[in-house]
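S.K.: I am sharing target_18.txt, which consists of compact mmCIF, C-alpha atoms and all ligand atoms:
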```
# COMPACT_ATOMS: atom_id res chain seq x y z
CA MET A 433 7.80 20.12 -3.00
CA ARG A 434 5.38 18.35 -0.66
CA ILE A 435 6.03 15.28 1.45
CA GLY A 436 3.39 12.82 2.61
CA PHE A 437 3.37 9.89 4.99
CA GLY A 438 1.12 6.82 4.89
CA TYR A 439 0.66 3.89 7.26
CA ASP A 440 -1.48 0.78 7.14
CA SER A 441 -1.78 -2.52 8.94
CA HIS A 442 -3.97 -5.56 8.38
CA ARG A 443 -4.44 -8.86 10.19
CA PHE A 444 -3.65 -12.05 8.34
CA ASP A 445 -6.65 -14.07 7.11
CA PRO A 446 -5.50 -17.44 5.77
CA SER A 447 -8.77 -17.86 3.83
CA ARG A 448 -7.76 -15.07 1.43
CA PRO A 449 -4.91 -14.74 -1.10
CA LEU A 450 -2.08 -12.38 -0.18
CA VAL A 451 -2.01 -9.34 -2.47
CA LEU A 452 0.76 -6.85 -1.75
CA GLY A 453 1.82 -4.00 -3.99
CA GLY A 454 -0.62 -5.32 -6.58
CA VAL A 455 1.24 -8.65 -6.69
CA THR A 456 -0.34 -11.95 -5.58
CA ILE A 457 2.11 -13.92 -3.44
CA PRO A 458 1.37 -17.64 -3.65
CA GLY A 459 1.34 -19.90 -0.60
CA ALA A 460 1.10 -17.08 1.95
CA PRO A 461 -1.83 -16.15 4.20
CA GLY A 462 -3.85 -13.22 2.89
CA LEU A 463 -4.99 -10.13 4.76
CA ALA A 464 -8.37 -9.37 6.29
CA GLY A 465 -10.11 -6.29 4.93
CA HIS A 466 -13.04 -4.83 3.05
CA SER A 467 -11.16 -4.41 -0.25
CA ASP A 468 -8.42 -6.77 -1.44
CA ALA A 469 -6.64 -5.56 1.75
CA ASP A 470 -3.46 -4.59 -0.11
CA ALA A 471 -1.84 -2.77 2.82
CA LEU A 472 1.13 -1.64 0.73
CA LEU A 473 -1.04 0.13 -1.83
CA HIS A 474 -3.19 1.56 0.98
CA ALA A 475 -0.11 3.11 2.60
CA VAL A 476 1.01 4.51 -0.78
CA ILE A 477 -2.47 5.99 -1.27
CA ASP A 478 -2.38 7.68 2.14
CA ALA A 479 1.13 9.03 1.52
CA LEU A 480 0.02 10.59 -1.78
CA LEU A 481 -3.21 11.98 -0.33
CA GLY A 482 -1.29 13.28 2.67
CA ALA A 483 1.29 15.06 0.54
CA ALA A 484 -1.48 16.82 -1.39
CA ALA A 485 -3.59 17.38 1.77
CA LEU A 486 -6.50 15.65 0.03
CA GLY A 487 -7.77 13.65 3.00
CA ASP A 488 -7.21 9.93 3.49
CA ILE A 489 -8.16 6.57 2.04
CA GLY A 490 -11.11 6.22 4.40
CA SER A 491 -12.66 9.48 3.24
CA HIS A 492 -12.25 8.53 -0.44
CA PHE A 493 -13.17 4.83 -0.26
CA PRO A 494 -15.16 4.20 2.96
CA ASP A 495 -15.19 0.57 4.11
CA THR A 496 -18.93 0.95 4.78
CA ASP A 497 -19.50 1.35 1.02
CA GLU A 498 -20.38 -1.87 -0.83
CA ARG A 499 -18.74 -0.44 -3.97
CA TRP A 500 -15.33 -1.12 -2.44
CA ARG A 501 -15.97 -4.67 -1.19
CA GLY A 502 -13.22 -6.84 -2.62
CA ALA A 503 -11.98 -3.82 -4.59
CA ASP A 504 -8.73 -4.03 -6.52
CA SER A 505 -6.58 -1.51 -4.65
CA SER A 506 -4.63 -0.85 -7.86
CA ALA A 507 -7.77 0.81 -9.21
CA LEU A 508 -8.06 2.89 -6.03
CA LEU A 509 -4.41 3.93 -6.35
CA GLY A 510 -4.96 4.88 -9.99
CA ALA A 511 -7.92 7.07 -9.03
CA VAL A 512 -5.84 8.79 -6.35
CA ALA A 513 -2.97 9.33 -8.79
CA ARG A 514 -5.38 11.10 -11.16
CA GLU A 515 -6.72 13.27 -8.34
CA VAL A 516 -3.19 14.21 -7.28
CA ALA A 517 -2.32 15.08 -10.90
CA ASP A 518 -5.54 17.09 -11.26
CA SER A 519 -4.45 19.10 -8.20
CA GLY A 520 -1.33 20.16 -10.10
CA TYR A 521 1.23 17.78 -8.58
CA ARG A 522 3.71 15.40 -10.18
CA ILE A 523 4.89 12.39 -8.18
CA GLY A 524 8.60 12.61 -7.41
CA ASN A 525 9.21 9.32 -5.64
CA ILE A 526 7.71 6.74 -3.29
CA ASP A 527 9.54 4.88 -0.52
CA ALA A 528 7.75 2.15 1.43
CA THR A 529 8.70 -0.38 4.11
CA VAL A 530 6.65 -3.54 4.67
CA ILE A 531 7.12 -5.18 8.09
CA CYS A 532 6.21 -8.84 8.57
CA GLU A 533 7.81 -12.04 9.81
CA ARG A 534 6.53 -14.06 6.85
CA PRO A 535 6.47 -14.42 3.91
CA LYS A 536 9.92 -13.37 2.72
CA LEU A 537 9.24 -10.51 0.32
CA ARG A 538 12.55 -10.23 -1.51
CA PRO A 539 11.51 -12.38 -4.51
CA TYR A 540 8.50 -10.10 -5.10
CA ILE A 541 9.97 -6.65 -4.44
CA ASP A 542 10.81 -5.77 -8.05
CA ALA A 543 7.40 -6.96 -9.26
CA MET A 544 5.73 -4.73 -6.63
CA ARG A 545 7.87 -1.75 -7.66
CA GLY A 546 7.01 -2.28 -11.30
CA ARG A 547 3.31 -2.64 -10.57
CA ILE A 548 3.14 0.51 -8.41
CA ALA A 549 5.18 2.49 -10.93
CA GLY A 550 2.92 1.30 -13.75
CA VAL A 551 -0.24 2.37 -11.95
CA LEU A 552 1.26 5.75 -11.05
CA GLY A 553 2.81 6.30 -14.49
CA ILE A 554 6.30 6.92 -13.09
CA PRO A 555 9.60 5.05 -13.59
CA ALA A 556 10.24 1.98 -11.42
CA GLY A 557 13.40 3.79 -10.32
CA ALA A 558 11.16 6.27 -8.50
CA VAL A 559 9.51 3.52 -6.42
CA SER A 560 11.26 1.83 -3.51
CA VAL A 561 9.77 -1.10 -1.57
CA LYS A 562 11.70 -2.55 1.35
CA GLY A 563 10.92 -5.60 3.46
CA LYS A 564 11.80 -6.06 7.13
CA THR A 565 10.87 -8.35 9.97
CA ASN A 566 10.00 -7.08 13.44
CA GLU A 567 12.55 -9.44 15.02
CA GLY A 568 9.75 -11.37 16.72
CA MET A 569 8.58 -8.36 18.76
CA GLY A 570 4.97 -7.33 19.35
CA ALA A 571 1.90 -8.25 17.32
CA ILE A 572 3.73 -8.13 13.99
CA GLY A 573 6.52 -10.24 15.42
CA ALA A 574 3.95 -12.76 16.64
CA GLY A 575 2.73 -13.09 13.05
CA LEU A 576 -0.75 -11.62 13.60
CA GLY A 577 -0.49 -9.38 10.56
CA LEU A 578 1.72 -6.94 8.72
CA GLU A 579 2.22 -3.21 8.62
CA VAL A 580 3.48 -0.75 6.05
CA HIS A 581 5.03 2.71 6.31
CA CYS A 582 5.39 4.91 3.23
CA VAL A 583 6.55 8.38 2.28
CA ALA A 584 5.83 10.12 -1.00
CA LEU A 585 7.25 13.27 -2.54
CA LEU A 586 5.14 15.48 -4.81
CA GLU A 587 6.48 18.27 -6.97
MG MG B 601 -5.87 -0.90 4.55
```
Mind converting the file's structure to structure tokens?
Ligand code: MG
M.R.:
Amino acid sequence: MRIGFGYDSHRFDPSRPLVLGGVTIPGAPGLAGHSDADALLHAVIDALLGAAALGDIGSHFPDTDERWRGADSSALLGAVAREVADSGYRIGNIDATVICERPKLRPYIDAMRGRIAGVLGIPAGAVSVKGKTNEGMGAIGAGLGLEVHCVALLE
């Protein structure tokens, strides 16, 4: 078994739609970034790559590369899942925590789990997504952006 950890953070950019875990959340400020800025999927990608010691999201999809401008991070996650499988690993489970003051994520959690599981080809029961606030502390608490922590187990 191999464990991997992923982290990502993005600033809010109200001019963009918010896409988290492959799910568009209406009425919430989006995230700044080169791709669709889906910080949850980016943290999952880094957890998977980390577990397999295959580098990181920046080495696979550099933000200097025009190919990835506005990219659907679900497609990036799918590509990473194939690379992990090609390296001989099977995904055991994913556990992620999204930290932001707003929006409230609870109504979207199951949709995110289903979307991530679908892209990875694993049961939704093997994907956990949790939402927290930062209790008003620091940059996240001030509402400047959101951050995500994720662990992944490979077998
Ligand atoms: Mg990112």
S.K.: Mind listing the residues within 10 Å of ligand MG 601 (chain B), all atoms listed in the file counted, as a list in words?
M.R.: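 Result of the 10 Å neighbour search around ligand MG 601 (chain B): Tyr439, Asp440, Ser441, His442, Arg443, Leu463, Ala464, Gly465, His466, Ser467, Asp468, Ala469, Asp470, Ala471, Leu472, Leu473, His474, Ala475, Ile477, Asp478, Ile489, Gly490, Asp495, Ser505, Glu579 and Val580 of chain A.
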S.K.: Using atom CA of A:Val559 and atom CA of A:Arg545 as the two end points, give the distance in Å to one decimal.
M.R.: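 Taking atom CA of A:Val559 as the start and atom CA of A:Arg545 as the end point, the length is 5.7 Å.
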S.K.: Would you compute the distance between atom CA of A:Ala549 and atom CA of A:Ile526? Give it in Å to one decimal.
M.R.: 9.1 Å
S.K.: Take atom CA of A:Asp527 and atom CA of A:Gly487 and report the distance between them in Å, one decimal.
M.R.: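 It comes out at 19.7 Å.
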S.K.: For a cut-off of 6 Å around (7.6, -3.2, 5.3), file coordinates, pick out all residues using all atoms listed in the file and list them as number ranges by chain.
M.R.: A: 529-531, 562-564, 580
S.K.: With 7 Å as the threshold, what does the neighbourhood of (-0.7, 10.1, 5.4) contain in terms of residues, counting all atoms listed in the file? Coordinates are those of the file; answer as a list in words.
M.R.: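 Residues lying no farther than 7 Å from the given point: Gly436, Phe437, Gly438, Tyr439, Asp478, Ala479, Leu481, Gly482 and Asp488 of chain A.
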S.K.: Please dump the current selection as a PDB file, keeping the file's coordinate frame; keep C-alpha atoms.
M.R.:
```
ATOM      1  CA  GLY A 436       3.390  12.820   2.610  1.00  0.00           C
ATOM      2  CA  PHE A 437       3.370   9.890   4.990  1.00  0.00           C
ATOM      3  CA  GLY A 438       1.120   6.820   4.890  1.00  0.00           C
ATOM      4  CA  TYR A 439       0.660   3.890   7.260  1.00  0.00           C
ATOM      5  CA  ASP A 478      -2.380   7.680   2.140  1.00  0.00           C
ATOM      6  CA  ALA A 479       1.130   9.030   1.520  1.00  0.00           C
ATOM      7  CA  LEU A 481      -3.210  11.980  -0.330  1.00  0.00           C
ATOM      8  CA  GLY A 482      -1.290  13.280   2.670  1.00  0.00           C
ATOM      9  CA  ASP A 488      -7.210   9.930   3.490  1.00  0.00           C
TER      10      ASP A 488
END
```
S.K.: Using all atoms listed in the file, which of A:Asp542, A:Asp497, A:Asp504, A:Glu587 sits nearest A:Tyr521?
M.R.: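 Checking each candidate against A:Tyr521, we get A:Glu587 as the closest.
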S.K.: Which polymer residues have any atom within 9 Å of an atom of A:Ile572, counting all atoms listed in the file, with same-chain residues fewer than 6 positions away left out, as a ChimeraX atom specification?
M.R.: /A:531-533,565-566,578-579
S.K.: When you look at A:Asp445 with a cut-off of 10 Å (counting only C-alpha atoms), what residues show up, excluding the ones that are within fewer than 4 positions of it in the same chain? I need them as a list of chain:residue names.
M.R.: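 The contact residues come out as A:Pro449, A:Leu450, A:Ala460, A:Pro461, A:Gly462, A:Leu463, A:Ala464, A:Gly465, A:Leu576, A:Gly577.
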S.K.: Pick out the closest residue to A:Val583 from this set: A:Ile523, A:Arg499, A:Ala507, A:Ile457. Count all atoms listed in the file.
M.R.: A:Ile523
S.K.: Can you patch up stretch 560-576 of chain A, filling it in to N, CA, C and O atoms, and show the result as a short mmCIF file (atom, residue, chain, number, x, y, z; two decimals), keeping the file's coordinate frame?
M.R.:
```
data_model
loop_
_atom_site.label_atom_id
_atom_site.label_comp_id
_atom_site.auth_asym_id
_atom_site.auth_seq_id
_atom_site.Cartn_x
_atom_site.Cartn_y
_atom_site.Cartn_z
N SER A 560 10.49 2.72 -4.37
CA SER A 560 11.26 1.83 -3.51
C SER A 560 10.31 1.05 -2.61
O SER A 560 9.41 1.65 -2.02
N VAL A 561 10.51 -0.26 -2.52
CA VAL A 561 9.77 -1.10 -1.57
C VAL A 561 10.80 -1.92 -0.80
O VAL A 561 11.65 -2.57 -1.41
N LYS A 562 10.74 -1.84 0.51
CA LYS A 562 11.70 -2.55 1.35
C LYS A 562 10.95 -3.49 2.29
O LYS A 562 9.86 -3.17 2.74
N GLY A 563 11.53 -4.63 2.55
CA GLY A 563 10.92 -5.60 3.46
C GLY A 563 11.77 -5.77 4.70
O GLY A 563 12.99 -5.80 4.62
N LYS A 564 11.11 -5.85 5.85
CA LYS A 564 11.80 -6.06 7.13
C LYS A 564 10.98 -7.03 7.96
O LYS A 564 9.79 -7.15 7.77
N THR A 565 11.62 -7.66 8.94
CA THR A 565 10.87 -8.35 9.97
C THR A 565 10.85 -7.45 11.21
O THR A 565 11.53 -6.43 11.26
N ASN A 566 10.02 -7.84 12.19
CA ASN A 566 10.00 -7.08 13.44
C ASN A 566 10.79 -7.81 14.53
O ASN A 566 10.57 -7.55 15.72
N GLU A 567 11.67 -8.72 14.09
CA GLU A 567 12.55 -9.44 15.02
C GLU A 567 11.75 -10.15 16.13
O GLU A 567 12.21 -10.23 17.27
N GLY A 568 10.55 -10.60 15.77
CA GLY A 568 9.75 -11.37 16.72
C GLY A 568 9.06 -10.54 17.80
O GLY A 568 8.41 -11.09 18.68
N MET A 569 9.16 -9.21 17.70
CA MET A 569 8.58 -8.36 18.76
C MET A 569 7.14 -7.94 18.43
O MET A 569 6.82 -7.64 17.29
N GLY A 570 6.31 -7.89 19.47
CA GLY A 570 4.97 -7.33 19.35
C GLY A 570 4.05 -8.16 18.47
O GLY A 570 4.32 -9.32 18.15
N ALA A 571 2.92 -7.55 18.09
CA ALA A 571 1.90 -8.25 17.32
C ALA A 571 2.42 -8.67 15.94
O ALA A 571 2.12 -9.77 15.46
N ILE A 572 3.19 -7.80 15.32
CA ILE A 572 3.73 -8.13 13.99
C ILE A 572 4.74 -9.28 14.14
O ILE A 572 4.74 -10.23 13.35
N GLY A 573 5.55 -9.19 15.17
CA GLY A 573 6.52 -10.24 15.42
C GLY A 573 5.88 -11.58 15.72
O GLY A 573 6.44 -12.64 15.41
N ALA A 574 4.68 -11.53 16.33
CA ALA A 574 3.95 -12.76 16.64
C ALA A 574 3.24 -13.33 15.41
O ALA A 574 2.61 -14.37 15.49
N GLY A 575 3.31 -12.59 14.30
CA GLY A 575 2.73 -13.09 13.05
C GLY A 575 1.24 -12.86 12.92
O GLY A 575 0.58 -13.51 12.12
N LEU A 576 0.69 -11.89 13.68
CA LEU A 576 -0.75 -11.62 13.60
C LEU A 576 -1.13 -10.88 12.32
O LEU A 576 -2.27 -10.93 11.89
#
```
